[in-house]
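Visitor: The structure is given below, and queries will be raised subsequently.
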Amino acid sequence: KRILDTRFANGGAPVPIGPAGTLDVQVTGRGGVPAIGVTAVIMNVTVTQPTASTHLTVFPSGQARPLASNLNFVPGQTIANLVVVPVGEGGRVSFFNAAGQSHVVADVSGWYGA
């Protein structure tokens with residue numbers, strides 16, 4: 001189930017994630033993910049319409065952003081990757097875009113319980 005599409009305000013405002021921008025998205029209680037007892041989610045994350053060569057990192061909300069990226073891309077490229085990410089504060093995960101503007105789409109594929 002789709003829980004984020006920045007092109008259409010699904011899970012956030014209808015704007016791309018800007019340079020050095022982070023978007024926190026609620027994952028528990030949405031897209032078939034239970035509201036409680038979830039430790040991580042499996043998502044197909046897609047970047048589309050980026051304006052710069054950059055990267056996207058998905059990580060648990062409320063925790064330090066890791067140095068590794070989940071997707072690397074160039075301007076105009078649409079690219080997807082399967083991401084497993086622990087659920088952070090309040091049942092959210094964070095999406096960080098390093099440079100330029102990037103639209104992000106996330107579809108939940110599954111979840112892990114305690």
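In the structure tokens, the first chain shown is A, the next is B, and so on; residue numbers restart at 1 for each chain, and ligands run from 1 in the order shown.
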Using only C-alpha atoms, which residues sit within 10 Å of range 48-60 of chain A once same-chain residues fewer than 3 positions away are excluded, as a compact mmCIF listing (two decimals) with N, CA and C atoms, in the first residue's frame?

Guide:
# COMPACT_ATOMS: atom_id res chain seq x y z
N THR A 6 4.95 12.34 -2.64
CA THR A 6 5.06 13.79 -2.49
C THR A 6 4.50 14.54 -3.69
N ARG A 7 4.21 13.85 -4.78
CA ARG A 7 3.61 14.52 -5.94
C ARG A 7 2.15 14.85 -5.69
N PRO A 16 8.22 18.41 -3.54
CA PRO A 16 9.38 17.52 -3.41
C PRO A 16 10.15 17.82 -2.13
N ILE A 17 10.97 16.87 -1.73
CA ILE A 17 11.84 17.10 -0.58
C ILE A 17 13.02 17.93 -1.07
N GLY A 18 13.29 19.03 -0.40
CA GLY A 18 14.32 19.96 -0.83
C GLY A 18 15.72 19.56 -0.40
N PRO A 19 16.71 20.41 -0.74
CA PRO A 19 18.10 20.12 -0.42
C PRO A 19 18.32 20.06 1.09
N ALA A 20 19.01 19.01 1.54
CA ALA A 20 19.26 18.75 2.96
C ALA A 20 17.95 18.68 3.74
N GLY A 21 16.88 18.27 3.05
CA GLY A 21 15.56 18.20 3.65
C GLY A 21 15.22 16.81 4.17
N THR A 22 14.49 16.78 5.27
CA THR A 22 14.04 15.52 5.86
C THR A 22 12.53 15.56 6.00
N LEU A 23 11.88 14.48 5.59
CA LEU A 23 10.43 14.34 5.73
C LEU A 23 10.16 13.13 6.62
N ASP A 24 9.45 13.36 7.73
CA ASP A 24 9.06 12.27 8.63
C ASP A 24 7.68 11.78 8.20
N VAL A 25 7.54 10.46 8.07
CA VAL A 25 6.29 9.87 7.58
C VAL A 25 5.79 8.81 8.56
N ALA A 40 10.00 -2.86 12.35
CA ALA A 40 10.58 -2.38 11.09
C ALA A 40 9.56 -2.56 9.97
N VAL A 45 10.88 2.06 -2.19
CA VAL A 45 11.02 3.51 -2.21
C VAL A 45 11.49 3.93 -3.60
N GLN A 63 16.24 9.28 15.31
CA GLN A 63 17.58 8.74 15.47
C GLN A 63 18.54 9.46 14.53
N ALA A 64 19.82 9.32 14.80
CA ALA A 64 20.82 9.95 13.94
C ALA A 64 20.77 9.35 12.54
N ARG A 65 20.87 10.21 11.54
CA ARG A 65 20.87 9.75 10.15
C ARG A 65 22.17 9.00 9.86
N PRO A 66 22.07 7.79 9.29
CA PRO A 66 23.29 7.05 8.95
C PRO A 66 24.02 7.69 7.77
N LEU A 67 25.26 7.34 7.61
CA LEU A 67 26.05 7.88 6.50
C LEU A 67 25.74 7.20 5.17
N ALA A 68 25.19 5.99 5.22
CA ALA A 68 24.89 5.24 3.99
C ALA A 68 23.61 5.76 3.34
N SER A 69 23.54 5.65 2.02
CA SER A 69 22.33 6.04 1.29
C SER A 69 21.57 4.79 0.86
N ASN A 70 20.27 4.99 0.59
CA ASN A 70 19.44 3.90 0.08
C ASN A 70 19.27 3.99 -1.43
N LEU A 71 19.30 5.20 -1.96
CA LEU A 71 19.20 5.40 -3.41
C LEU A 71 20.16 6.51 -3.81
N ASN A 72 20.82 6.32 -4.95
CA ASN A 72 21.69 7.33 -5.55
C ASN A 72 21.16 7.59 -6.95
N PHE A 73 21.11 8.87 -7.37
CA PHE A 73 20.47 9.17 -8.65
C PHE A 73 20.98 10.47 -9.25
N VAL A 74 20.63 10.68 -10.50
CA VAL A 74 21.04 11.87 -11.25
C VAL A 74 19.78 12.64 -11.66
N PRO A 75 19.93 13.90 -12.11
CA PRO A 75 18.75 14.70 -12.47
C PRO A 75 17.86 13.97 -13.48
N GLY A 76 16.55 14.02 -13.23
CA GLY A 76 15.58 13.45 -14.14
C GLY A 76 15.39 11.95 -14.05
N GLN A 77 16.21 11.27 -13.28
CA GLN A 77 16.14 9.81 -13.19
C GLN A 77 15.01 9.38 -12.25
N THR A 78 14.32 8.29 -12.62
CA THR A 78 13.37 7.63 -11.72
C THR A 78 13.98 6.29 -11.37
N ILE A 79 14.13 6.03 -10.06
CA ILE A 79 14.81 4.82 -9.61
C ILE A 79 14.16 4.35 -8.31
N ALA A 80 14.11 3.02 -8.12
CA ALA A 80 13.50 2.45 -6.93
C ALA A 80 14.46 1.48 -6.25
N VAL A 83 13.71 -1.23 0.64
CA VAL A 83 14.35 -0.73 1.85
C VAL A 83 13.70 -1.39 3.07
N VAL A 84 14.52 -1.88 3.98
CA VAL A 84 14.04 -2.35 5.29
C VAL A 84 14.56 -1.35 6.30
N VAL A 85 13.64 -0.73 7.04
CA VAL A 85 14.04 0.32 7.98
C VAL A 85 13.31 0.12 9.32
N PRO A 86 14.06 0.23 10.43
CA PRO A 86 13.40 0.18 11.73
C PRO A 86 12.43 1.35 11.88
N VAL A 87 11.37 1.14 12.63
CA VAL A 87 10.41 2.19 12.89
C VAL A 87 10.94 3.04 14.04
N GLY A 88 10.86 4.37 13.89
CA GLY A 88 11.38 5.27 14.90
C GLY A 88 10.30 5.86 15.78
N GLU A 89 10.62 7.02 16.34
CA GLU A 89 9.71 7.73 17.27
C GLU A 89 8.31 7.86 16.69
N GLY A 90 7.32 7.51 17.50
CA GLY A 90 5.93 7.70 17.10
C GLY A 90 5.49 6.85 15.93
N GLY A 91 6.27 5.79 15.59
CA GLY A 91 5.91 4.94 14.47
C GLY A 91 6.22 5.55 13.11
N ARG A 92 7.23 6.42 13.07
CA ARG A 92 7.58 7.11 11.82
C ARG A 92 8.96 6.69 11.30
N VAL A 93 9.16 6.94 10.00
CA VAL A 93 10.48 6.84 9.39
C VAL A 93 10.76 8.17 8.70
N SER A 94 12.04 8.48 8.53
CA SER A 94 12.46 9.75 7.94
C SER A 94 13.11 9.51 6.58
N PHE A 95 12.86 10.43 5.67
CA PHE A 95 13.43 10.41 4.32
C PHE A 95 14.27 11.67 4.17
N PHE A 96 15.59 11.50 3.91
CA PHE A 96 16.51 12.62 3.77
C PHE A 96 16.99 12.73 2.34
N ASN A 97 16.85 13.90 1.74
CA ASN A 97 17.33 14.18 0.39
C ASN A 97 18.52 15.13 0.50
N ALA A 98 19.67 14.73 -0.01
CA ALA A 98 20.90 15.50 0.18
C ALA A 98 20.95 16.81 -0.61
N ALA A 99 20.57 16.80 -1.89
CA ALA A 99 20.70 18.01 -2.71
C ALA A 99 19.56 18.11 -3.70
N GLY A 100 19.33 19.31 -4.20
CA GLY A 100 18.27 19.51 -5.19
C GLY A 100 16.89 19.22 -4.62
N GLN A 101 15.94 19.02 -5.52
CA GLN A 101 14.56 18.71 -5.17
C GLN A 101 14.25 17.31 -5.69
N SER A 102 13.59 16.48 -4.88
CA SER A 102 13.27 15.11 -5.30
C SER A 102 11.89 14.71 -4.80
N HIS A 103 11.06 14.21 -5.70
CA HIS A 103 9.79 13.61 -5.29
C HIS A 103 10.07 12.19 -4.84
N VAL A 104 9.34 11.75 -3.80
CA VAL A 104 9.56 10.42 -3.23
C VAL A 104 8.22 9.70 -3.12
N VAL A 105 8.24 8.40 -3.49
CA VAL A 105 7.07 7.53 -3.39
C VAL A 105 7.50 6.33 -2.55

Visitor: In Å, rounded to a single decimal, give me how far CA of Gly62 in chain A is from CA of Val108 in chain A.

Guide: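 Taking CA of Val108 in chain A as the start and CA of Gly62 in chain A as the end point, the length is 20.3 Å.
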
Visitor: Report the residues of chain A whose backbone DSSP state falls under strand (DSSP E), written as a VMD selection string.

Guide: chain A and resid 2 to 5 21 to 26 38 to 48 54 to 60 71 to 73 79 to 86 92 to 97 103 to 113

Visitor: Could you list, as number ranges by chain, every residue within 7 Å of Gly31 in chain A, counting only C-alpha atoms and ignoring same-chain residues fewer than 4 positions away?

Guide: A: 1-3, 108

Visitor: Go ahead and write the residues just picked, all heavy atoms, as a short mmCIF file (atom, residue, chain, number, x, y, z; two decimals), in the first residue's frame.

Guide:
data_model
loop_
_atom_site.label_atom_id
_atom_site.label_comp_id
_atom_site.auth_asym_id
_atom_site.auth_seq_id
_atom_site.Cartn_x
_atom_site.Cartn_y
_atom_site.Cartn_z
N LYS A 1 0.82 -1.19 0.00
CA LYS A 1 0.00 0.00 0.00
C LYS A 1 0.87 1.25 0.00
O LYS A 1 1.87 1.33 0.70
CB LYS A 1 -0.87 0.04 1.25
CG LYS A 1 -1.85 -1.08 1.36
CD LYS A 1 -3.12 -0.68 0.74
CE LYS A 1 -4.15 -1.79 0.98
NZ LYS A 1 -5.43 -1.46 0.59
N ARG A 2 0.46 2.24 -0.75
CA ARG A 2 1.20 3.49 -0.84
C ARG A 2 0.97 4.33 0.42
O ARG A 2 -0.15 4.63 0.77
CB ARG A 2 0.76 4.25 -2.08
CG ARG A 2 1.54 5.53 -2.29
CD ARG A 2 1.69 5.88 -3.72
NE ARG A 2 2.47 4.85 -4.40
CZ ARG A 2 2.53 4.73 -5.71
NH1 ARG A 2 1.88 5.57 -6.49
NH2 ARG A 2 3.26 3.78 -6.26
N ILE A 3 2.08 4.71 1.07
CA ILE A 3 1.97 5.55 2.26
C ILE A 3 2.60 6.93 2.05
O ILE A 3 2.45 7.81 2.89
CB ILE A 3 2.60 4.88 3.50
CG1 ILE A 3 4.08 4.62 3.28
CG2 ILE A 3 1.86 3.62 3.87
CD1 ILE A 3 4.85 4.32 4.55
N VAL A 108 4.46 0.23 1.09
CA VAL A 108 4.76 -0.79 2.09
C VAL A 108 4.59 -2.17 1.48
O VAL A 108 3.57 -2.48 0.86
CB VAL A 108 3.84 -0.65 3.32
CG1 VAL A 108 3.99 -1.82 4.26
CG2 VAL A 108 4.12 0.65 4.05
#

Visitor: Choose the residue, out of A:Ala13, A:Ala114, A:Arg30, A:Ser109, that has the smallest atom-to-atom separation from Met43 in chain A; count only C-alpha atoms.

Guide: A:Ser109

Visitor: Within 9 Å of Val33 in chain A, counting only C-alpha atoms, which residues qualify if same-chain residues fewer than 5 places away don't, as a PyMOL selection string?

Guide: chain A and resi 27-28+38+41+108+110-111

Visitor: Of the residues A:Asn81, A:Gln26, A:Ser61, A:Thr39, which is the one nearest to Leu4 in chain A, using only C-alpha atoms?

Guide: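 When distances to Leu4 in chain A are compared using only C-alpha atoms, the smallest one comes from A:Gln26.
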